[in-house]
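Shown next: target-v4.cif, given as mmCIF, C-alpha atoms.
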```cif
data_protein
#
loop_
_atom_site.label_atom_id
_atom_site.label_comp_id
_atom_site.auth_asym_id
_atom_site.auth_seq_id
_atom_site.Cartn_x
_atom_site.Cartn_y
_atom_site.Cartn_z
CA MET A 170 12.54 -90.87 -15.97
CA PRO A 171 15.52 -92.77 -14.74
CA ASP A 172 14.31 -95.15 -12.07
CA ALA A 173 15.69 -95.11 -8.54
CA SER A 174 18.54 -97.49 -9.19
CA GLU A 175 19.64 -95.65 -12.31
CA LEU A 176 19.60 -92.44 -10.32
CA GLU A 177 21.97 -94.04 -7.82
CA LEU A 178 24.18 -95.14 -10.66
CA ILE A 179 24.32 -91.61 -12.02
CA ALA A 180 25.16 -90.27 -8.58
CA ARG A 181 27.91 -92.84 -8.07
CA GLU A 182 29.37 -92.05 -11.44
CA LEU A 183 29.41 -88.34 -10.72
CA ARG A 184 31.07 -88.88 -7.35
CA ALA A 185 33.66 -91.17 -8.86
CA ALA A 186 34.42 -88.69 -11.60
CA GLU A 187 35.25 -86.03 -9.04
CA GLY A 188 37.59 -88.38 -7.27
CA GLY A 189 35.74 -88.34 -3.96
CA GLY A 190 34.43 -91.43 -2.25
CA GLU A 191 30.79 -91.94 -1.45
CA ALA A 192 29.47 -89.11 0.74
CA ALA A 193 32.94 -87.75 1.16
CA SER A 194 33.27 -84.09 1.82
CA GLY A 195 33.79 -82.21 -1.39
CA SER A 196 31.70 -84.71 -3.25
CA PRO A 197 29.63 -83.05 -5.96
CA VAL A 198 26.51 -85.08 -5.14
CA LEU A 199 25.16 -84.55 -1.66
CA ASP A 200 22.04 -86.63 -1.91
CA THR A 201 19.59 -88.27 -4.24
CA VAL A 202 15.83 -88.08 -4.00
CA PHE A 203 13.47 -90.30 -5.90
CA PHE A 204 9.93 -89.20 -5.27
CA ARG A 205 6.83 -90.06 -7.26
CA GLY A 206 8.82 -91.05 -10.27
CA ARG A 207 10.94 -87.94 -10.35
CA ALA A 208 14.66 -88.24 -9.96
CA THR A 209 16.51 -85.45 -8.22
CA LEU A 210 20.21 -84.98 -7.64
CA ILE A 211 21.13 -82.62 -4.84
CA VAL A 212 24.53 -81.22 -5.61
CA GLU A 213 27.14 -78.97 -4.13
CA PRO A 214 26.67 -75.44 -5.55
CA ASP A 215 30.36 -75.16 -6.49
CA HIS A 216 30.10 -78.17 -8.77
CA ILE A 217 26.98 -77.24 -10.68
CA GLY A 218 28.87 -76.54 -13.89
CA THR A 219 30.73 -79.85 -13.93
CA VAL A 220 27.67 -81.85 -12.90
CA LEU A 221 25.57 -80.38 -15.66
CA ARG A 222 28.37 -80.96 -18.15
CA ARG A 223 28.69 -84.63 -17.20
CA LEU A 224 24.94 -85.11 -17.37
CA ARG A 225 24.95 -83.54 -20.80
CA ALA A 226 27.56 -86.08 -21.84
CA ARG A 227 25.23 -88.83 -20.56
CA GLY A 228 22.47 -87.55 -22.84
CA TYR A 229 20.69 -85.00 -20.69
CA ALA A 230 21.54 -82.32 -23.16
CA PHE A 231 18.51 -80.09 -23.00
CA LEU A 232 18.17 -77.63 -20.14
CA ALA A 233 14.40 -77.41 -19.99
CA SER A 234 14.13 -74.82 -17.26
CA VAL A 235 15.79 -73.23 -14.26
CA HIS A 236 13.79 -72.44 -11.15
CA GLY A 237 14.31 -70.68 -7.89
CA VAL A 238 12.81 -71.68 -4.56
CA ASP A 239 12.78 -69.97 -1.21
CA TYR A 240 12.71 -72.39 1.76
CA TYR A 241 12.54 -69.65 4.36
CA PRO A 242 12.88 -70.04 7.34
CA HIS A 243 14.95 -73.16 6.70
CA GLU A 244 18.64 -72.91 6.06
CA PRO A 245 20.21 -73.11 3.52
CA ARG A 246 17.46 -70.89 2.45
CA PHE A 247 17.39 -70.77 -1.33
CA GLY A 248 17.15 -73.52 -3.88
CA VAL A 249 17.96 -73.45 -7.58
CA LEU A 250 16.58 -76.26 -9.71
CA TYR A 251 17.79 -77.26 -13.15
CA GLU A 252 15.43 -79.45 -15.12
CA LEU A 253 17.32 -81.52 -17.67
CA LEU A 254 15.81 -83.52 -20.49
CA ASP A 255 17.25 -86.36 -22.54
CA MET A 256 15.50 -85.78 -25.83
CA GLU A 257 16.32 -89.19 -27.30
CA ARG A 258 15.16 -91.37 -24.43
CA VAL A 259 12.68 -88.72 -23.22
CA GLU A 260 13.96 -88.87 -19.67
CA ARG A 261 14.12 -86.04 -17.22
CA ILE A 262 16.32 -85.43 -14.24
CA THR A 263 16.30 -82.58 -11.78
CA VAL A 264 19.49 -81.10 -10.40
CA LYS A 265 18.99 -79.10 -7.28
CA LEU A 266 21.30 -77.03 -5.14
CA ARG A 267 20.80 -75.07 -1.96
CA LEU A 268 22.26 -71.68 -1.16
CA ALA A 269 22.68 -69.85 2.10
CA GLY A 270 20.30 -67.06 2.92
CA ALA A 271 22.99 -64.42 3.25
CA GLY A 272 24.33 -63.41 -0.13
CA PRO A 273 23.23 -66.40 -2.19
CA GLN A 274 25.53 -66.85 -5.14
CA VAL A 275 26.16 -69.61 -7.64
CA ASP A 276 27.99 -69.83 -10.94
CA SER A 277 26.01 -69.09 -14.05
CA VAL A 278 25.61 -71.80 -16.67
CA THR A 279 24.72 -69.33 -19.39
CA ASP A 280 27.97 -70.00 -21.23
CA GLU A 281 27.02 -73.52 -22.16
CA TRP A 282 23.21 -73.33 -21.91
CA PRO A 283 22.17 -69.98 -23.38
CA THR A 284 18.57 -70.65 -22.40
CA ALA A 285 19.62 -70.12 -18.79
CA ASN A 286 20.25 -66.47 -19.48
CA HIS A 287 16.74 -65.14 -19.01
CA GLN A 288 15.82 -67.73 -16.43
CA GLU A 289 18.75 -66.85 -14.22
CA ARG A 290 17.84 -63.22 -14.61
CA GLU A 291 14.34 -64.05 -13.47
CA ILE A 292 15.63 -65.93 -10.42
CA PHE A 293 17.84 -62.98 -9.62
CA ASP A 294 14.87 -60.66 -10.03
CA MET A 295 12.48 -62.67 -7.90
CA PHE A 296 14.78 -64.19 -5.27
CA GLY A 297 17.96 -62.16 -5.31
CA VAL A 298 20.21 -65.11 -6.12
CA ARG A 299 23.30 -63.79 -7.89
CA PHE A 300 24.76 -65.81 -10.73
CA GLY A 301 28.50 -65.38 -11.06
CA GLY A 302 29.71 -64.92 -14.60
CA HIS A 303 26.30 -64.07 -15.98
CA PRO A 304 26.75 -61.76 -18.96
CA ASP A 305 23.84 -59.45 -18.18
CA LEU A 306 22.50 -59.88 -14.67
CA ARG A 307 19.70 -57.32 -14.59
CA ARG A 308 16.11 -57.42 -13.50
CA ILE A 309 13.92 -58.91 -16.17
CA LEU A 310 10.33 -58.64 -14.93
CA MET A 311 10.22 -55.94 -12.34
CA PRO A 312 11.16 -52.32 -13.06
CA GLU A 313 14.86 -51.54 -12.89
CA ASP A 314 14.43 -49.33 -9.85
CA TYR A 315 12.36 -51.85 -7.91
CA GLU A 316 13.51 -52.53 -4.38
CA GLY A 317 13.49 -56.04 -3.01
CA HIS A 318 12.87 -59.45 -4.49
CA PRO A 319 9.17 -60.11 -4.48
CA LEU A 320 9.05 -63.91 -4.44
CA ARG A 321 11.05 -64.18 -1.24
CA ARG A 322 8.81 -65.48 1.45
CA ASP A 323 9.63 -62.67 3.83
CA PHE A 324 8.72 -60.09 1.20
CA PRO A 325 5.50 -58.34 2.18
CA LEU A 326 2.55 -59.53 0.19
CA GLY A 327 2.01 -55.98 -0.91
CA GLY A 328 -1.01 -54.73 -2.70
CA GLU A 329 -2.67 -51.40 -2.63
CA PRO A 330 -5.62 -50.26 -0.58
CA VAL A 331 -8.49 -50.28 -3.00
CA LEU A 332 -10.06 -46.95 -3.72
CA PHE A 333 -13.78 -46.79 -3.29
CA THR A 334 -15.91 -43.74 -2.94
CA TYR A 335 -16.38 -44.22 0.78
CA ASN A 336 -12.67 -44.44 1.62
CA GLU A 337 -11.29 -42.18 -1.09
CA ASP A 338 -10.38 -39.35 1.23
CA GLU A 339 -8.66 -41.40 3.91
CA THR A 340 -6.77 -43.45 1.32
CA LEU A 341 -5.54 -40.58 -0.76
CA GLY A 342 -5.19 -38.23 2.18
CA SER A 343 -7.38 -35.22 2.63
CA PRO A 344 -7.12 -32.77 -0.28
CA ALA A 345 -4.78 -29.94 0.41
CA MET B 259 -46.60 -25.84 -51.62
CA GLU B 260 -48.03 -24.84 -48.37
CA VAL B 261 -48.35 -26.48 -45.06
CA GLY B 262 -51.15 -28.92 -44.89
CA GLY B 263 -51.06 -29.96 -48.46
CA GLU B 264 -51.08 -33.57 -47.48
CA ARG B 265 -54.38 -33.30 -45.83
CA ALA B 266 -55.95 -32.08 -48.98
CA ARG B 267 -55.19 -35.44 -50.53
CA GLY B 268 -57.35 -37.09 -47.95
CA ARG B 269 -54.69 -39.03 -46.03
CA GLU B 270 -55.73 -37.74 -42.67
CA PRO B 271 -56.70 -40.67 -40.46
CA ALA B 272 -60.41 -40.77 -40.01
CA SER B 273 -60.16 -41.04 -36.25
CA SER B 274 -58.43 -37.73 -35.70
CA PRO B 275 -60.72 -34.81 -35.15
CA PRO B 276 -61.02 -32.53 -38.12
CA ALA B 277 -58.98 -29.44 -37.38
CA ALA B 278 -59.37 -27.54 -40.52
CA THR B 279 -57.51 -24.42 -39.55
CA SER B 280 -54.73 -25.99 -37.47
CA PRO B 281 -51.32 -25.82 -39.10
CA ARG B 282 -50.03 -28.76 -37.07
CA GLU B 283 -48.88 -31.69 -38.99
CA PRO B 284 -49.05 -35.27 -37.82
CA HIS B 285 -45.74 -36.50 -36.47
CA THR B 286 -45.37 -39.13 -39.14
CA LEU B 287 -43.84 -36.69 -41.54
CA ARG B 288 -41.73 -38.27 -44.15
CA GLY B 289 -38.75 -36.54 -45.64
CA GLY B 290 -40.50 -34.77 -48.43
CA ARG B 291 -43.27 -33.44 -46.33
CA LEU B 292 -40.88 -32.38 -43.62
CA ARG B 293 -39.05 -30.25 -46.08
CA ILE B 294 -42.29 -28.77 -47.23
CA SER B 295 -43.22 -28.02 -43.67
CA GLU B 296 -39.90 -26.37 -43.06
CA HIS B 297 -40.47 -24.29 -46.08
CA GLY B 298 -43.76 -23.27 -44.68
CA ALA B 299 -42.16 -22.46 -41.36
CA SER B 300 -39.47 -20.35 -42.93
CA GLN B 301 -42.10 -18.55 -44.85
CA LEU B 302 -43.82 -17.95 -41.60
CA LEU B 303 -40.75 -16.84 -39.74
CA ARG B 304 -39.70 -14.39 -42.38
CA GLY B 305 -42.96 -12.62 -42.25
CA SER B 306 -46.13 -13.39 -43.90
CA GLU B 307 -45.42 -12.58 -47.51
CA LEU B 308 -42.95 -14.23 -49.78
CA ARG B 309 -42.75 -13.37 -53.41
CA GLY B 310 -45.95 -11.56 -53.13
CA ARG B 311 -47.89 -14.52 -51.99
CA THR B 312 -49.71 -14.71 -48.78
CA PRO B 313 -49.24 -17.93 -46.83
CA ALA B 314 -52.16 -20.23 -46.95
CA VAL B 315 -52.38 -20.50 -43.20
CA GLN B 316 -52.76 -17.57 -40.92
CA TYR B 317 -51.49 -18.14 -37.36
CA ASP B 318 -52.88 -16.55 -34.36
CA GLU B 319 -50.68 -15.80 -31.35
CA ASP B 320 -50.85 -19.20 -29.63
CA ASP B 321 -50.45 -21.19 -32.78
CA LEU B 322 -47.41 -19.21 -33.72
CA GLU B 323 -45.82 -19.83 -30.36
CA ARG B 324 -46.50 -23.51 -30.62
CA HIS B 325 -45.36 -23.66 -34.19
CA VAL B 326 -41.99 -22.13 -33.36
CA ARG B 327 -41.52 -24.32 -30.31
CA GLU B 328 -42.14 -27.44 -32.29
CA ARG B 329 -39.86 -26.59 -35.12
CA VAL B 330 -36.97 -24.65 -33.65
CA LEU B 331 -34.40 -26.25 -31.33
CA THR B 332 -32.39 -23.98 -29.07
CA THR B 333 -29.29 -25.04 -27.17
CA THR B 334 -25.98 -23.67 -26.03
CA LEU B 335 -22.87 -24.21 -28.06
CA ASP B 336 -21.28 -26.16 -25.22
CA ARG B 337 -24.12 -28.58 -25.08
CA ALA B 338 -24.14 -29.02 -28.83
CA VAL B 339 -20.42 -29.69 -28.86
CA ALA B 340 -20.71 -32.11 -25.96
CA TRP B 341 -23.49 -33.91 -27.76
CA ALA B 342 -21.36 -34.26 -30.86
CA ARG B 343 -18.32 -35.41 -28.89
CA SER B 344 -20.22 -37.87 -26.81
CA ASN B 345 -21.56 -39.60 -29.87
CA SER B 346 -18.21 -40.13 -31.54
CA PHE B 347 -15.53 -41.20 -29.11
CA PHE B 348 -12.30 -42.32 -30.72
CA PRO B 349 -10.92 -45.00 -28.41
CA ALA B 350 -7.24 -45.86 -28.52
CA THR B 351 -6.39 -49.31 -29.81
CA PHE B 352 -4.96 -50.48 -26.55
CA GLY B 353 -5.48 -53.84 -24.93
CA LEU B 354 -3.73 -54.92 -21.77
CA ALA B 355 -4.96 -58.43 -20.98
CA CYS B 356 -7.97 -60.70 -21.16
CA CYS B 357 -10.41 -57.82 -20.87
CA ALA B 358 -9.16 -56.71 -24.26
CA ILE B 359 -10.86 -59.73 -25.78
CA GLU B 360 -14.16 -58.51 -24.42
CA MET B 361 -13.36 -55.03 -25.67
CA ILE B 362 -12.73 -56.45 -29.13
CA THR B 363 -16.03 -58.30 -28.92
CA THR B 364 -17.75 -55.06 -28.08
CA VAL B 365 -16.63 -53.66 -31.40
CA ALA B 366 -17.36 -56.78 -33.39
CA SER B 367 -20.57 -57.48 -35.21
CA ARG B 368 -22.58 -59.19 -32.49
CA MET B 369 -22.38 -56.35 -30.01
CA ASP B 370 -21.53 -53.66 -32.53
CA ILE B 371 -20.69 -50.56 -30.59
CA ALA B 372 -20.72 -48.76 -33.93
CA ARG B 373 -24.37 -48.18 -33.16
CA PHE B 374 -23.23 -45.54 -30.70
CA GLY B 375 -20.37 -44.18 -32.74
CA PHE B 376 -17.39 -45.60 -30.83
CA GLU B 377 -16.14 -48.06 -33.37
CA ALA B 378 -13.27 -46.04 -34.79
CA PHE B 379 -10.36 -47.34 -32.68
CA ARG B 380 -7.31 -45.23 -33.35
CA ALA B 381 -3.85 -46.68 -33.47
CA SER B 382 -2.25 -43.52 -32.14
CA PRO B 383 -3.03 -41.80 -28.87
CA ARG B 384 -2.69 -38.53 -30.74
CA GLN B 385 -5.88 -39.35 -32.59
CA ALA B 386 -7.77 -40.85 -29.69
CA ASP B 387 -9.82 -39.20 -26.99
CA LEU B 388 -10.79 -42.29 -25.00
CA ILE B 389 -8.53 -44.91 -23.50
CA ILE B 390 -9.99 -48.16 -22.23
CA LEU B 391 -7.66 -49.81 -19.73
CA SER B 392 -8.62 -53.38 -20.51
CA GLY B 393 -6.66 -55.53 -18.11
CA ARG B 394 -4.21 -55.51 -15.26
CA VAL B 395 -1.65 -52.73 -15.05
CA SER B 396 1.73 -53.79 -13.78
CA ILE B 397 3.90 -51.19 -12.15
CA LYS B 398 6.26 -51.53 -15.08
CA MET B 399 3.45 -50.73 -17.51
CA ALA B 400 2.02 -47.83 -15.54
CA PRO B 401 4.47 -45.15 -16.75
CA ILE B 402 3.86 -46.22 -20.33
CA ILE B 403 0.11 -45.94 -19.92
CA ARG B 404 0.50 -42.59 -18.25
CA ARG B 405 2.56 -41.44 -21.19
CA LEU B 406 -0.07 -42.65 -23.66
CA TYR B 407 -2.71 -40.85 -21.66
CA ASP B 408 -0.67 -37.66 -21.61
CA GLN B 409 -0.22 -37.88 -25.37
CA MET B 410 -3.95 -37.98 -25.99
CA LEU B 411 -5.47 -34.69 -26.97
CA GLU B 412 -7.87 -32.80 -24.77
CA PRO B 413 -10.64 -33.38 -24.05
CA LYS B 414 -9.91 -36.96 -23.12
CA TRP B 415 -11.58 -39.64 -21.09
CA ALA B 416 -10.57 -42.94 -19.59
CA ILE B 417 -12.46 -46.10 -18.76
CA SER B 418 -11.02 -48.58 -16.31
CA MET B 419 -12.33 -51.92 -17.45
CA GLY B 420 -12.43 -54.94 -15.19
CA ALA B 421 -11.50 -55.61 -11.60
CA CYS B 422 -7.73 -55.60 -12.09
CA CYS B 423 -7.14 -52.03 -13.08
CA SER B 424 -9.89 -50.69 -10.84
CA SER B 425 -9.16 -52.55 -7.60
CA MET B 426 -6.45 -55.01 -8.73
CA GLY B 427 -8.89 -57.88 -8.33
CA VAL B 428 -7.24 -61.20 -7.54
CA PHE B 429 -3.79 -59.81 -8.32
CA ASN B 430 -3.62 -57.44 -5.38
CA ASN B 431 0.09 -57.96 -4.80
CA TYR B 432 3.53 -56.56 -5.46
CA ALA B 433 3.24 -56.47 -9.23
CA LEU B 434 0.18 -54.39 -9.98
CA VAL B 435 -1.01 -50.88 -9.43
CA PRO B 436 -4.59 -49.63 -9.70
CA ALA B 437 -5.19 -47.20 -12.50
CA ASP B 438 -6.49 -44.51 -10.17
CA LYS B 439 -3.04 -44.15 -8.69
CA PHE B 440 -1.44 -42.74 -11.81
CA MET B 441 -4.15 -41.34 -14.05
CA PRO B 442 -7.67 -39.99 -13.84
CA ILE B 443 -10.42 -42.48 -14.56
CA ASP B 444 -13.89 -41.39 -15.51
CA VAL B 445 -15.77 -44.68 -15.49
CA HIS B 446 -14.97 -47.94 -13.74
CA VAL B 447 -16.54 -51.04 -15.26
CA PRO B 448 -16.57 -53.91 -12.77
CA GLY B 449 -16.32 -57.53 -13.77
CA CYS B 450 -13.71 -60.20 -14.32
CA PRO B 451 -13.79 -59.71 -17.18
CA PRO B 452 -16.86 -57.56 -17.79
CA ARG B 453 -19.11 -58.82 -20.50
CA PRO B 454 -19.29 -56.69 -23.62
CA GLU B 455 -22.69 -55.44 -22.50
CA ALA B 456 -21.08 -54.17 -19.31
CA LEU B 457 -18.41 -52.30 -21.20
CA MET B 458 -21.08 -50.87 -23.46
CA HIS B 459 -23.00 -49.78 -20.42
CA GLY B 460 -19.86 -48.09 -19.16
CA VAL B 461 -19.34 -46.32 -22.45
CA LEU B 462 -22.92 -45.14 -22.46
CA LYS B 463 -22.49 -43.93 -18.90
CA LEU B 464 -19.48 -42.00 -20.08
CA ARG B 465 -21.53 -40.62 -22.94
CA LYS B 466 -24.10 -39.38 -20.48
CA MET B 467 -21.39 -37.84 -18.33
CA VAL B 468 -19.91 -36.06 -21.30
CA GLN B 469 -23.27 -34.76 -22.38
CA ASP B 470 -24.03 -33.42 -18.92
CA ASP B 471 -20.55 -32.20 -18.05
CA PRO B 472 -17.89 -32.33 -20.74
CA GLU B 473 -15.06 -32.24 -18.22
CA ALA B 474 -16.61 -35.18 -16.38
CA GLY B 475 -15.28 -33.57 -13.23
CA TRP B 476 -12.04 -35.49 -13.01
CA ARG B 477 -9.83 -32.47 -12.62
CA GLU B 478 -11.64 -31.59 -9.44
CA ARG B 479 -11.65 -35.16 -8.21
CA TYR B 480 -7.94 -35.65 -8.81
CA GLY B 481 -6.84 -32.18 -7.81
CA ALA B 482 -5.65 -31.41 -11.33
CA VAL B 483 -7.29 -28.07 -11.97
CA GLY B 484 -5.07 -25.93 -14.15
CA THR B 485 -3.37 -28.74 -15.99
CA GLU B 486 -5.38 -28.33 -19.15
CA GLU B 487 -3.32 -28.62 -22.31
CA LEU B 488 -4.21 -25.45 -24.08
CA LEU B 489 -2.30 -23.56 -26.70
CA PRO B 490 -1.36 -20.08 -25.48
CA PRO B 491 -3.42 -17.36 -27.10
CA PRO B 492 -1.60 -15.63 -29.96
CA HIS B 493 -1.44 -12.34 -28.07
CA ALA B 494 0.15 -13.87 -25.00
CA ALA B 495 3.71 -13.12 -26.06
CA PRO B 496 4.68 -9.45 -26.11
CA ALA B 497 4.81 -7.94 -29.57
CA GLY B 498 8.15 -8.29 -31.30
CA SER B 499 9.51 -10.92 -28.95
CA VAL B 500 10.64 -14.17 -30.43
CA PRO B 501 9.22 -17.19 -28.67
CA PRO B 502 12.01 -19.19 -27.05
CA ARG B 503 12.92 -22.36 -28.86
CA GLY B 504 14.82 -25.33 -27.61
CA ASN B 505 18.34 -25.61 -28.88
#
```

I'd like the structure from this file rewritten - as structure tokens, please.
Amino acid sequence: MPDASELELIARELRAAEGGGEAASGSPVLDTVFFRGRATLIVEPDHIGTVLRRLRARGYAFLASVHGVDYYPHEPRFGVLYELLDMERVERITVKLRLAGAGPQVDSVTDEWPTANHQEREIFDMFGVRFGGHPDLRRILMPEDYEGHPLRRDFPLGGEPVLFTYNEDETLGSPA
Amino acid sequence: MEVGGERARGREPASSPPAATSPREPHTLRGGRLRISEHGASQLLRGSELRGRTPAVQYDEDDLERHVRERVLTTTLDRAVAWARSNSFFPATFGLACCAIEMITTVASRMDIARFGFEAFRASPRQADLIILSGRVSIKMAPIIRRLYDQMLEPKWAISMGACCSSMGVFNNYALVPADKFMPIDVHVPGCPPRPEALMHGVLKLRKMVQDDPEAGWRERYGAVGTEELLPPPHAAPAGSVPPRGN
């Protein structure tokens, strides 16, 4: 892990590279979080491609995984997390962005990190986050005709009434 | 040789009462003697004389009745067929999740379901007449399982193994569907996962069901009467008409 000060250095470098001052509007890095030894950069969704590219140039070349999070009822509602790994120094950094609840959309990074292909599809499937420029944005786990995105927190928990002998008739409806 | 030849060699246990004229044999017949006894019985059933010989034992009315009842088994063809079927299920090689491991164990040497004649797992549903749903059924898998079940030849049976595909168990959420919703199930085996003994118990339950009622009653339970897959009788089409074929 980069320690807290190195995380700040990375953030400053990224801000400087985009030409913005510290915490200026339009800055790619909105915030840094260092919690329990894990370094997290919170970035502007529009800059995710450039941020990941610069981090790759710094050595974080391996995109270990992409996650989705639903922070409902907070706004911005959705989060997308990119876990990066520097395979030489064995250091990890998390890049996180937040998306609004209405029509969440972010650029795909599949072009440069092909491993993101299936993981972005899964986030789309489970949370409904659309990834612009994704080559094949289809459902990956749920059936193609499934309605809704089941890992959203306002999605009904679902489940079926369990059929036992005593409630068979009322569950299935009386036989015609 | 005639019935009762063994006794002449003095192997009758001393404790049994001497029944000199009884044609009954002790039940410890070994193969050779059984055949001899059958020969004697056939002699008897054909009439008394065979090749000019008179049988050594003359039966009176009651002995004859008892003799026939002990040696002749009567049944209906349906029951005989059900008995044969129930002792040689051909399960489909089909594992869904962790329960499949227990299903595999059931077939392996320690549990050895071959004792009951169910060991021949078939790789094609066309050759199987029993499907064991061993694991959770996701709603994406359900149409595939239904298709496998439809491809199996009649008569066919299904066992729902484990909590997940019976009642969805701990996964009662958006992803799963209980097996009863899309196909008829004859036996539910509870457990998470059921031990191999439990699955074996379920299979033996199914065997009993098949012996008592080959249909196992699922068509009535699921409102599927009339959906039997039967070939039309050869005289169904009018004479001279060509059966329609797909283009």

For chain B, list the residues within 8 Å of chain A, counting all atoms listed in the file, and write the list as an mmCIF file with C-alpha atoms, in the frame of the given file.
```cif
data_model
loop_
_atom_site.group_PDB
_atom_site.id
_atom_site.type_symbol
_atom_site.label_atom_id
_atom_site.label_comp_id
_atom_site.auth_asym_id
_atom_site.auth_seq_id
_atom_site.Cartn_x
_atom_site.Cartn_y
_atom_site.Cartn_z
ATOM 1 C CA ILE B 397 3.900 -51.190 -12.150
ATOM 2 C CA LYS B 398 6.260 -51.530 -15.080
ATOM 3 C CA SER B 424 -9.890 -50.690 -10.840
ATOM 4 C CA SER B 425 -9.160 -52.550 -7.600
ATOM 5 C CA MET B 426 -6.450 -55.010 -8.730
ATOM 6 C CA ASN B 430 -3.620 -57.440 -5.380
ATOM 7 C CA ASN B 431 0.090 -57.960 -4.800
ATOM 8 C CA TYR B 432 3.530 -56.560 -5.460
ATOM 9 C CA ALA B 433 3.240 -56.470 -9.230
ATOM 10 C CA LEU B 434 0.180 -54.390 -9.980
ATOM 11 C CA VAL B 435 -1.010 -50.880 -9.430
ATOM 12 C CA PRO B 436 -4.590 -49.630 -9.700
ATOM 13 C CA ASP B 438 -6.490 -44.510 -10.170
ATOM 14 C CA GLY B 481 -6.840 -32.180 -7.810
#
```

Expansion of the PyMOL selection byres ((chain A and resi 258-268) around 7) into residues, as a PyMOL selection string: chain A and resi 170-171+208-214+245-257+269-270+273

So what do you get for atom CA of Val238 of chain A versus atom CA of His287 of chain A, distance-wise? 16.3 Å

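The residue that comes closest to Gly206 of chain A, out of A:Ser174, A:Thr334, A:Thr284, A:Ser277 and on the basis of all atoms listed in the file, is A:Ser174.
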
Selection near Phe374 of chain B, 10 Å with only C-alpha atoms, sequence-local residues under 2 positions removed, as a CSV table (one decimal) with C-alpha atoms, keeping the file's coordinate frame:
```csv
chain,number,residue,atom,x,y,z
B,344,SER,CA,-20.2,-37.9,-26.8
B,345,ASN,CA,-21.6,-39.6,-29.9
B,346,SER,CA,-18.2,-40.1,-31.5
B,347,PHE,CA,-15.5,-41.2,-29.1
B,370,ASP,CA,-21.5,-53.7,-32.5
B,371,ILE,CA,-20.7,-50.6,-30.6
B,372,ALA,CA,-20.7,-48.8,-33.9
B,376,PHE,CA,-17.4,-45.6,-30.8
B,377,GLU,CA,-16.1,-48.1,-33.4
B,458,MET,CA,-21.1,-50.9,-23.5
B,461,VAL,CA,-19.3,-46.3,-22.4
B,462,LEU,CA,-22.9,-45.1,-22.5
B,465,ARG,CA,-21.5,-40.6,-22.9
```

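In terms of minimum interatomic distance to Arg227 of chain A, A:Glu182 ranks closest within A:Glu182, A:Asp294, A:Glu244, A:Asp305, counting only C-alpha atoms.
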
Selection near segment 183-186 of chain A, 12 Å with only C-alpha atoms, sequence-local residues under 4 positions removed, as JSON, numbers by chain: {"A": [176, 177, 178, 179, 190, 191, 192, 193, 194, 195, 196, 197, 198, 199, 200, 201, 210, 211, 212, 213, 216, 217, 219, 220, 221, 222, 223, 224, 226, 227]}

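Note that atom CA of Glu455 of chain B and atom CA of Ala358 of chain B are 13.7 Å apart.
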
Apply the PyMOL selection byres ((chain B and resi 423) around 8) to the displayed file and report the matching residues as a PyMOL selection string. chain B and resi 391-395+418-422+424-427+435-437
